[in-house]
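As provided, start-v9.cif (mmCIF, C-alpha atoms) reads as follows.
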```cif
data_entry
loop_
_atom_site.label_atom_id
_atom_site.label_comp_id
_atom_site.auth_asym_id
_atom_site.auth_seq_id
_atom_site.Cartn_x
_atom_site.Cartn_y
_atom_site.Cartn_z
CA MET A 297 -6.75 -41.50 90.64
CA ASP A 298 -5.69 -44.56 88.63
CA SER A 299 -6.41 -44.78 84.90
CA ARG A 300 -8.94 -47.57 85.15
CA VAL A 301 -12.44 -48.33 83.83
CA GLN A 302 -14.11 -51.47 85.21
CA LEU A 303 -17.76 -50.79 84.49
CA ILE A 304 -19.59 -49.03 81.67
CA THR A 305 -23.20 -48.29 82.59
CA LEU A 306 -25.73 -47.58 79.86
CA GLY A 307 -28.83 -45.77 81.09
CA VAL A 308 -31.58 -47.23 78.91
CA PRO A 309 -35.26 -46.27 78.59
CA ASP A 310 -36.36 -49.94 78.41
CA LEU A 311 -34.47 -52.54 80.45
CA ASP A 312 -36.24 -55.50 78.85
CA ALA A 313 -35.44 -54.24 75.36
CA ALA A 314 -31.78 -53.76 76.29
CA ARG A 315 -31.59 -57.22 77.82
CA ARG A 316 -33.27 -58.78 74.78
CA PHE A 317 -30.67 -57.15 72.54
CA TYR A 318 -27.47 -57.91 74.46
CA VAL A 319 -28.29 -61.17 76.23
CA GLU A 320 -30.91 -62.95 74.15
CA GLY A 321 -30.04 -61.34 70.80
CA LEU A 322 -26.25 -61.24 70.87
CA GLY A 323 -25.88 -64.01 73.43
CA TRP A 324 -23.48 -62.10 75.66
CA PRO A 325 -22.59 -63.73 79.02
CA VAL A 326 -24.48 -62.44 82.05
CA ILE A 327 -22.49 -61.79 85.23
CA LEU A 328 -25.46 -60.83 87.38
CA ASP A 329 -29.13 -60.32 86.62
CA VAL A 330 -31.44 -58.45 88.98
CA PRO A 331 -34.76 -58.62 87.11
CA GLY A 332 -36.33 -55.22 86.56
CA GLU A 333 -33.29 -53.46 88.00
CA VAL A 334 -29.96 -54.16 86.36
CA THR A 335 -28.09 -56.66 84.20
CA PHE A 336 -24.30 -56.95 84.15
CA VAL A 337 -22.57 -58.48 81.12
CA GLN A 338 -18.90 -59.44 80.71
CA VAL A 339 -17.24 -57.37 77.94
CA GLY A 340 -13.51 -57.67 78.60
CA HIS A 341 -10.76 -58.64 81.02
CA GLY A 342 -12.14 -57.43 84.35
CA LEU A 343 -14.63 -55.26 82.47
CA ALA A 344 -18.43 -55.25 82.75
CA LEU A 345 -21.22 -53.54 80.84
CA SER A 346 -24.24 -52.67 82.95
CA LEU A 347 -27.77 -52.15 81.61
CA PHE A 348 -29.59 -49.88 84.01
CA GLY A 349 -32.70 -47.71 83.84
CA ALA A 350 -31.89 -44.23 82.49
CA GLN A 351 -34.00 -42.54 85.17
CA ALA A 352 -32.60 -44.83 87.86
CA LEU A 353 -29.11 -43.76 86.77
CA GLU A 354 -30.01 -40.05 87.09
CA ASP A 355 -31.56 -40.80 90.49
CA ASP A 356 -28.43 -42.65 91.63
CA ILE A 357 -26.23 -39.73 90.60
CA GLY A 358 -28.79 -37.41 92.18
CA THR A 359 -29.11 -34.97 89.31
CA GLY A 360 -32.83 -34.49 89.85
CA THR A 361 -33.28 -34.35 86.09
CA SER A 362 -34.61 -36.55 83.32
CA PRO A 363 -32.13 -38.48 81.21
CA ALA A 364 -31.06 -37.02 77.88
CA ARG A 365 -32.95 -38.38 74.90
CA ASP A 366 -30.47 -37.54 72.16
CA PRO A 367 -27.91 -40.16 71.18
CA ALA A 368 -25.12 -39.91 73.72
CA PRO A 369 -21.89 -38.47 72.26
CA VAL A 370 -20.18 -41.72 73.17
CA THR A 371 -19.24 -44.86 71.29
CA LEU A 372 -18.12 -48.28 72.42
CA ALA A 373 -15.86 -50.04 69.96
CA GLN A 374 -14.78 -53.53 69.16
CA ILE A 375 -11.74 -54.43 67.06
CA VAL A 376 -12.14 -57.40 64.71
CA ALA A 377 -9.77 -59.19 62.36
CA THR A 378 -11.30 -58.87 58.90
CA GLU A 379 -13.71 -56.80 56.83
CA GLU A 380 -16.05 -59.81 56.77
CA ASP A 381 -16.05 -59.75 60.58
CA VAL A 382 -17.28 -56.15 60.48
CA ALA A 383 -20.17 -57.12 58.22
CA ARG A 384 -20.93 -60.17 60.34
CA ALA A 385 -21.03 -58.17 63.57
CA LEU A 386 -23.40 -55.62 62.04
CA ASP A 387 -25.61 -58.47 60.76
CA ASP A 388 -25.63 -59.98 64.25
CA ALA A 389 -26.62 -56.61 65.70
CA VAL A 390 -29.47 -56.20 63.22
CA ARG A 391 -30.76 -59.70 63.92
CA ALA A 392 -30.68 -58.88 67.64
CA GLY A 393 -32.76 -55.72 67.10
CA GLY A 394 -30.12 -53.07 66.40
CA THR A 395 -29.94 -50.57 63.55
CA VAL A 396 -27.07 -50.02 61.12
CA LEU A 397 -25.95 -46.38 61.18
CA LYS A 398 -22.95 -46.71 58.87
CA PRO A 399 -22.56 -49.79 56.69
CA PRO A 400 -19.15 -51.47 56.53
CA GLN A 401 -16.72 -49.24 54.64
CA PRO A 402 -13.16 -47.95 54.59
CA ALA A 403 -12.52 -45.60 57.51
CA GLU A 404 -10.91 -42.21 57.08
CA TRP A 405 -8.08 -43.22 59.43
CA GLY A 406 -7.04 -46.09 57.18
CA GLY A 407 -8.92 -49.04 58.64
CA PHE A 408 -12.36 -50.45 57.83
CA HIS A 409 -15.43 -50.00 59.98
CA GLY A 410 -19.16 -49.71 60.49
CA TYR A 411 -21.50 -48.40 63.18
CA PHE A 412 -24.73 -49.70 64.64
CA ALA A 413 -27.11 -48.46 67.34
CA ASP A 414 -28.56 -50.66 70.06
CA PRO A 415 -32.31 -50.36 70.80
CA ALA A 416 -31.68 -47.49 73.24
CA GLY A 417 -29.67 -45.59 70.61
CA PHE A 418 -26.18 -46.26 72.01
CA ARG A 419 -23.69 -46.40 69.18
CA TRP A 420 -21.12 -49.15 68.61
CA GLU A 421 -18.24 -49.08 66.16
CA VAL A 422 -16.90 -52.36 64.77
CA ALA A 423 -13.52 -51.85 63.15
CA VAL A 424 -10.53 -53.49 61.53
CA ASN A 425 -7.45 -51.62 62.73
CA PRO A 426 -4.21 -53.37 61.76
CA GLY A 427 -2.28 -50.91 63.94
CA TRP A 428 -4.12 -51.91 67.14
CA ALA A 429 -1.97 -54.20 69.27
CA VAL A 430 -2.19 -55.44 72.83
CA ALA A 431 0.92 -56.54 74.73
CA PRO A 432 0.76 -59.53 77.11
CA ASP A 433 0.42 -57.12 80.06
CA GLY A 434 -2.63 -55.54 78.40
CA ALA A 435 -0.89 -52.38 77.18
CA VAL A 436 -2.50 -51.07 74.00
CA SER A 437 -0.47 -49.62 71.18
CA ILE A 438 -1.92 -47.95 68.11
CA GLY A 439 -0.08 -47.57 64.82
CA ASP A 440 3.56 -46.76 65.39
CA SER A 441 2.94 -45.31 68.83
CA PRO A 442 5.39 -46.32 71.52
CA GLY A 443 3.73 -49.19 73.24
CA MET B 143 -20.65 -60.78 67.69
CA ASP B 144 -18.28 -61.29 70.64
CA SER B 145 -18.95 -59.61 73.96
CA ARG B 146 -16.01 -57.25 73.83
CA VAL B 147 -15.30 -53.54 74.37
CA GLN B 148 -11.81 -52.33 73.50
CA LEU B 149 -12.33 -48.62 73.07
CA ILE B 150 -14.60 -46.10 74.74
CA THR B 151 -14.79 -42.85 72.79
CA LEU B 152 -15.96 -39.67 74.48
CA GLY B 153 -17.15 -37.00 72.06
CA VAL B 154 -16.05 -33.79 73.77
CA PRO B 155 -16.76 -30.14 72.91
CA ASP B 156 -13.20 -29.06 73.77
CA LEU B 157 -10.32 -31.46 73.06
CA ASP B 158 -7.75 -29.35 74.88
CA ALA B 159 -9.91 -29.19 78.00
CA ALA B 160 -10.44 -32.97 77.91
CA ARG B 161 -6.71 -33.59 77.49
CA ARG B 162 -5.86 -31.18 80.29
CA PHE B 163 -8.21 -33.06 82.60
CA TYR B 164 -7.24 -36.67 81.83
CA VAL B 165 -3.59 -36.37 80.83
CA GLU B 166 -2.19 -33.31 82.59
CA GLY B 167 -4.65 -33.25 85.50
CA LEU B 168 -5.05 -36.93 86.37
CA GLY B 169 -1.76 -38.00 84.82
CA TRP B 170 -3.22 -40.89 82.84
CA PRO B 171 -0.87 -42.64 80.37
CA VAL B 172 -1.20 -41.60 76.73
CA ILE B 173 -1.18 -44.35 74.09
CA LEU B 174 -1.32 -42.06 71.09
CA ASP B 175 -1.71 -38.32 70.74
CA VAL B 176 -2.72 -36.70 67.46
CA PRO B 177 -2.74 -33.01 68.40
CA GLY B 178 -6.04 -31.31 67.60
CA GLU B 179 -7.62 -34.60 66.58
CA VAL B 180 -7.63 -37.39 69.13
CA THR B 181 -5.92 -38.64 72.28
CA PHE B 182 -5.96 -42.30 73.36
CA VAL B 183 -5.39 -43.17 77.02
CA GLN B 184 -4.86 -46.62 78.59
CA VAL B 185 -7.68 -47.47 81.03
CA GLY B 186 -7.54 -51.24 81.43
CA HIS B 187 -6.20 -54.53 80.13
CA GLY B 188 -6.43 -54.07 76.37
CA LEU B 189 -8.80 -51.13 76.92
CA ALA B 190 -8.43 -47.55 75.69
CA LEU B 191 -10.34 -44.34 76.30
CA SER B 192 -10.40 -41.98 73.35
CA LEU B 193 -10.94 -38.22 73.56
CA PHE B 194 -12.38 -37.09 70.25
CA GLY B 195 -14.25 -34.01 69.06
CA ALA B 196 -18.01 -34.40 69.59
CA GLN B 197 -18.79 -33.05 66.09
CA ALA B 198 -16.02 -35.17 64.56
CA LEU B 199 -17.62 -38.22 66.17
CA GLU B 200 -21.03 -37.40 64.67
CA ASP B 201 -19.32 -36.81 61.32
CA ASP B 202 -17.50 -40.14 61.55
CA ILE B 203 -20.76 -41.96 62.28
CA GLY B 204 -22.38 -39.90 59.53
CA THR B 205 -25.45 -38.79 61.48
CA GLY B 206 -25.45 -35.33 59.90
CA THR B 207 -26.51 -33.89 63.24
CA SER B 208 -24.98 -31.91 66.06
CA PRO B 209 -23.86 -33.75 69.16
CA ALA B 210 -26.19 -33.87 72.16
CA ARG B 211 -25.48 -31.28 74.84
CA ASP B 212 -27.21 -32.93 77.78
CA PRO B 213 -25.14 -35.18 80.02
CA ALA B 214 -24.98 -38.54 78.29
CA PRO B 215 -26.97 -41.26 80.10
CA VAL B 216 -23.75 -43.18 80.56
CA THR B 217 -21.29 -43.62 83.39
CA LEU B 218 -17.80 -45.05 83.53
CA ALA B 219 -16.91 -46.59 86.85
CA GLN B 220 -13.83 -47.46 88.80
CA ILE B 221 -13.73 -49.82 91.78
CA VAL B 222 -11.41 -48.84 94.64
CA ALA B 223 -10.49 -50.53 97.91
CA THR B 224 -11.54 -48.10 100.64
CA GLU B 225 -13.88 -45.21 101.41
CA GLU B 226 -10.81 -42.99 101.67
CA ASP B 227 -9.90 -44.01 98.11
CA VAL B 228 -13.30 -42.76 96.92
CA ALA B 229 -12.70 -39.38 98.56
CA ARG B 230 -9.16 -39.24 97.22
CA ALA B 231 -10.26 -39.99 93.65
CA LEU B 232 -12.92 -37.27 93.79
CA ASP B 233 -10.33 -34.83 95.18
CA ASP B 234 -7.98 -35.78 92.33
CA ALA B 235 -10.78 -35.15 89.83
CA VAL B 236 -11.57 -31.73 91.30
CA ARG B 237 -7.91 -30.73 91.26
CA ALA B 238 -7.76 -31.80 87.61
CA GLY B 239 -10.78 -29.61 86.75
CA GLY B 240 -13.72 -31.93 87.35
CA THR B 241 -16.87 -31.30 89.40
CA VAL B 242 -18.24 -33.43 92.22
CA LEU B 243 -21.83 -34.49 91.50
CA LYS B 244 -22.37 -36.77 94.50
CA PRO B 245 -19.96 -36.58 97.44
CA PRO B 246 -18.64 -39.86 98.89
CA GLN B 247 -21.47 -41.67 100.67
CA PRO B 248 -23.03 -45.08 101.27
CA ALA B 249 -24.61 -46.44 98.08
CA GLU B 250 -28.11 -47.84 97.99
CA TRP B 251 -26.77 -51.20 96.80
CA GLY B 252 -24.66 -51.62 99.93
CA GLY B 253 -21.29 -50.24 98.87
CA PHE B 254 -19.85 -46.75 99.13
CA HIS B 255 -19.49 -44.34 96.24
CA GLY B 256 -19.35 -40.88 94.74
CA TYR B 257 -19.74 -39.32 91.29
CA PHE B 258 -17.85 -36.62 89.46
CA ALA B 259 -18.17 -35.03 86.02
CA ASP B 260 -15.25 -34.39 83.72
CA PRO B 261 -15.04 -30.97 82.00
CA ALA B 262 -17.25 -32.19 79.12
CA GLY B 263 -19.92 -33.40 81.57
CA PHE B 264 -19.20 -37.14 81.34
CA ARG B 265 -19.98 -38.79 84.64
CA TRP B 266 -17.67 -41.13 86.54
CA GLU B 267 -18.59 -43.26 89.54
CA VAL B 268 -15.89 -44.22 92.03
CA ALA B 269 -17.06 -47.04 94.28
CA VAL B 270 -16.13 -49.51 96.96
CA ASN B 271 -17.87 -52.78 96.15
CA PRO B 272 -16.70 -55.66 98.33
CA GLY B 273 -18.69 -58.07 96.15
CA TRP B 274 -16.76 -57.17 92.97
CA ALA B 275 -14.17 -59.83 92.13
CA VAL B 276 -12.06 -60.59 89.07
CA ALA B 277 -10.77 -64.10 88.39
CA PRO B 278 -7.27 -64.60 86.93
CA ASP B 279 -8.84 -65.04 83.47
CA GLY B 280 -10.52 -61.66 83.83
CA ALA B 281 -14.03 -62.96 84.56
CA VAL B 282 -15.95 -60.55 86.76
CA SER B 283 -18.24 -61.73 89.54
CA ILE B 284 -20.50 -59.49 91.59
CA GLY B 285 -21.86 -60.38 95.02
CA ASP B 286 -22.78 -64.03 95.18
CA SER B 287 -23.21 -64.32 91.42
CA PRO B 288 -21.74 -67.41 89.82
CA GLY B 289 -18.39 -66.29 88.64
#
```
In structure tokens, how does this file's structure come out?
Amino acid sequence: MDSRVQLITLGVPDLDAARRFYVEGLGWPVILDVPGEVTFVQVGHGLALSLFGAQALEDDIGTGTSPARDPAPVTLAQIVATEEDVARALDDAVRAGGTVLKPPQPAEWGGFHGYFADPAGFRWEVAVNPGWAVAPDGAVSIGDSPG
Amino acid sequence: MDSRVQLITLGVPDLDAARRFYVEGLGWPVILDVPGEVTFVQVGHGLALSLFGAQALEDDIGTGTSPARDPAPVTLAQIVATEEDVARALDDAVRAGGTVLKPPQPAEWGGFHGYFADPAGFRWEVAVNPGWAVAPDGAVSIGDSPG
């Protein structure tokens, strides 16, 4: 199995609220919108974020259970250039209906970061990480790792 | 705030088990390994998957709570070419220590797919989706969506 992620699906309790946050609030580009069912948003090179009903996701997997209500032990992260960019991203998120969980501050690992939650409770980190580099072929290197 | 995901962090209860699954089991390429703390794996163009302790993730966000134990209402998905590729990926996952949640089968949306869970319970979809296309600039299109 190749090491590849092409789609991140967030199972949300309220599709309209999720769409308002990501599409209307943050202005992210829609790939495909199936009203009342699913919205796909472009979030990287060949990478999509899907907003899908939490129960519909459980039904698609076939678990026969209700979705978890606690914040998922998952974060999605975005690397930005400056500390001001971190603050700006968190401001954008708040204006779009998100909630700041950790205001912009130095990170334990040496960078600078903050966290916010989207309306469904999914957590995003926005970080300055001077050691994060991407080669022309897309290979990521972190710090002084071979890359 | 740009529409960009560069890092997906999975908060796992057992770092060694997660590493055994993704790195030793599936053979995915390590970007950076900090033993006992975090492992970063390459999963796309400029995209990394991070295996991090679930409690450490809550501590980093500063929630002051324990991580959720239910399966997160999130899936990561990989698009493959053929139905045989779906079966092969699920077999790879099982050999690496994962669990099949939904065996390979036609998907309601017209493609073909299956789901597995990694040792921490995170769910992966492996799917054939003939409508999924990626332009040279990385733009995703789905079905007859403008792309």
Which residues fall under the PyMOL selection byres ((chain A) within 7 of (chain B)) in this file, as an mmCIF file with C-alpha atoms, in the frame of the given file?
```cif
data_model
loop_
_atom_site.group_PDB
_atom_site.id
_atom_site.type_symbol
_atom_site.label_atom_id
_atom_site.label_comp_id
_atom_site.auth_asym_id
_atom_site.auth_seq_id
_atom_site.Cartn_x
_atom_site.Cartn_y
_atom_site.Cartn_z
ATOM 1 C CA MET A 297 -6.750 -41.500 90.640
ATOM 2 C CA SER A 299 -6.410 -44.780 84.900
ATOM 3 C CA ARG A 300 -8.940 -47.570 85.150
ATOM 4 C CA VAL A 301 -12.440 -48.330 83.830
ATOM 5 C CA GLN A 302 -14.110 -51.470 85.210
ATOM 6 C CA LEU A 303 -17.760 -50.790 84.490
ATOM 7 C CA ILE A 304 -19.590 -49.030 81.670
ATOM 8 C CA THR A 305 -23.200 -48.290 82.590
ATOM 9 C CA LEU A 306 -25.730 -47.580 79.860
ATOM 10 C CA GLY A 307 -28.830 -45.770 81.090
ATOM 11 C CA LEU A 322 -26.250 -61.240 70.870
ATOM 12 C CA TRP A 324 -23.480 -62.100 75.660
ATOM 13 C CA ILE A 327 -22.490 -61.790 85.230
ATOM 14 C CA LEU A 328 -25.460 -60.830 87.380
ATOM 15 C CA GLN A 338 -18.900 -59.440 80.710
ATOM 16 C CA VAL A 339 -17.240 -57.370 77.940
ATOM 17 C CA GLY A 340 -13.510 -57.670 78.600
ATOM 18 C CA HIS A 341 -10.760 -58.640 81.020
ATOM 19 C CA GLY A 342 -12.140 -57.430 84.350
ATOM 20 C CA LEU A 343 -14.630 -55.260 82.470
ATOM 21 C CA ALA A 350 -31.890 -44.230 82.490
ATOM 22 C CA ILE A 357 -26.230 -39.730 90.600
ATOM 23 C CA GLY A 358 -28.790 -37.410 92.180
ATOM 24 C CA PRO A 363 -32.130 -38.480 81.210
ATOM 25 C CA ALA A 364 -31.060 -37.020 77.880
ATOM 26 C CA ASP A 366 -30.470 -37.540 72.160
ATOM 27 C CA PRO A 367 -27.910 -40.160 71.180
ATOM 28 C CA ALA A 368 -25.120 -39.910 73.720
ATOM 29 C CA PRO A 369 -21.890 -38.470 72.260
ATOM 30 C CA VAL A 370 -20.180 -41.720 73.170
ATOM 31 C CA THR A 371 -19.240 -44.860 71.290
ATOM 32 C CA LEU A 372 -18.120 -48.280 72.420
ATOM 33 C CA ALA A 373 -15.860 -50.040 69.960
ATOM 34 C CA GLN A 374 -14.780 -53.530 69.160
ATOM 35 C CA ILE A 375 -11.740 -54.430 67.060
ATOM 36 C CA ALA A 385 -21.030 -58.170 63.570
ATOM 37 C CA ASP A 388 -25.630 -59.980 64.250
ATOM 38 C CA LEU A 397 -25.950 -46.380 61.180
ATOM 39 C CA LYS A 398 -22.950 -46.710 58.870
ATOM 40 C CA TYR A 411 -21.500 -48.400 63.180
ATOM 41 C CA VAL A 430 -2.190 -55.440 72.830
ATOM 42 C CA GLY A 434 -2.630 -55.540 78.400
ATOM 43 C CA ALA A 435 -0.890 -52.380 77.180
ATOM 44 C CA VAL A 436 -2.500 -51.070 74.000
ATOM 45 C CA SER A 437 -0.470 -49.620 71.180
ATOM 46 C CA ILE A 438 -1.920 -47.950 68.110
ATOM 47 C CA SER A 441 2.940 -45.310 68.830
ATOM 48 C CA GLY A 443 3.730 -49.190 73.240
#
```
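One distance worth recording is that between CA of Thr378 (chain A) and CA of Pro415 (chain A), which is 25.6 Å.
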Contacts of Asp414 (chain A) at 8 Å or less, counting only C-alpha atoms, minus same-chain residues fewer than 6 places along, as a ChimeraX atom specification?
/A:314,317,389,393-395,420
Enclosing box along x, y and z for every listed atom of region 394-401 of chain A, padded 5 Å each side, centre and size in Å, one decimal, as AutoDock Vina command-line options:
```
--center_x -23.4 --center_y -49.7 --center_z 60.5 --size_x 23.4 --size_y 16.7 --size_z 21.8
```
Translate the PyMOL selection byres ((chain B and resi 270) around 6) into a concrete residue list for this structure, as a list in words.
Ile221, Val222, Ala223, Gly253, Phe254, Ala269 and Asn271 of chain B
What does the file look like for those residues with C-alpha atoms, as a tab-separated table (two decimals), keeping the file's coordinate frame?
```
chain	number	residue	atom	x	y	z
B	221	ILE	CA	-13.73	-49.82	91.78
B	222	VAL	CA	-11.41	-48.84	94.64
B	223	ALA	CA	-10.49	-50.53	97.91
B	253	GLY	CA	-21.29	-50.24	98.87
B	254	PHE	CA	-19.85	-46.75	99.13
B	269	ALA	CA	-17.06	-47.04	94.28
B	271	ASN	CA	-17.87	-52.78	96.15
```
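As for CA of Asp156 (chain B) and CA of Ala262 (chain B), they are spaced 7.4 Å apart.
The space separating CA of Gly332 (chain A) from CA of Leu311 (chain A) comes to 6.9 Å.
Considering all atoms listed in the file, the residue among A:Glu379, A:Val334, A:Gly427, A:Asp355 positioned nearest to Trp405 (chain A) is A:Gly427.
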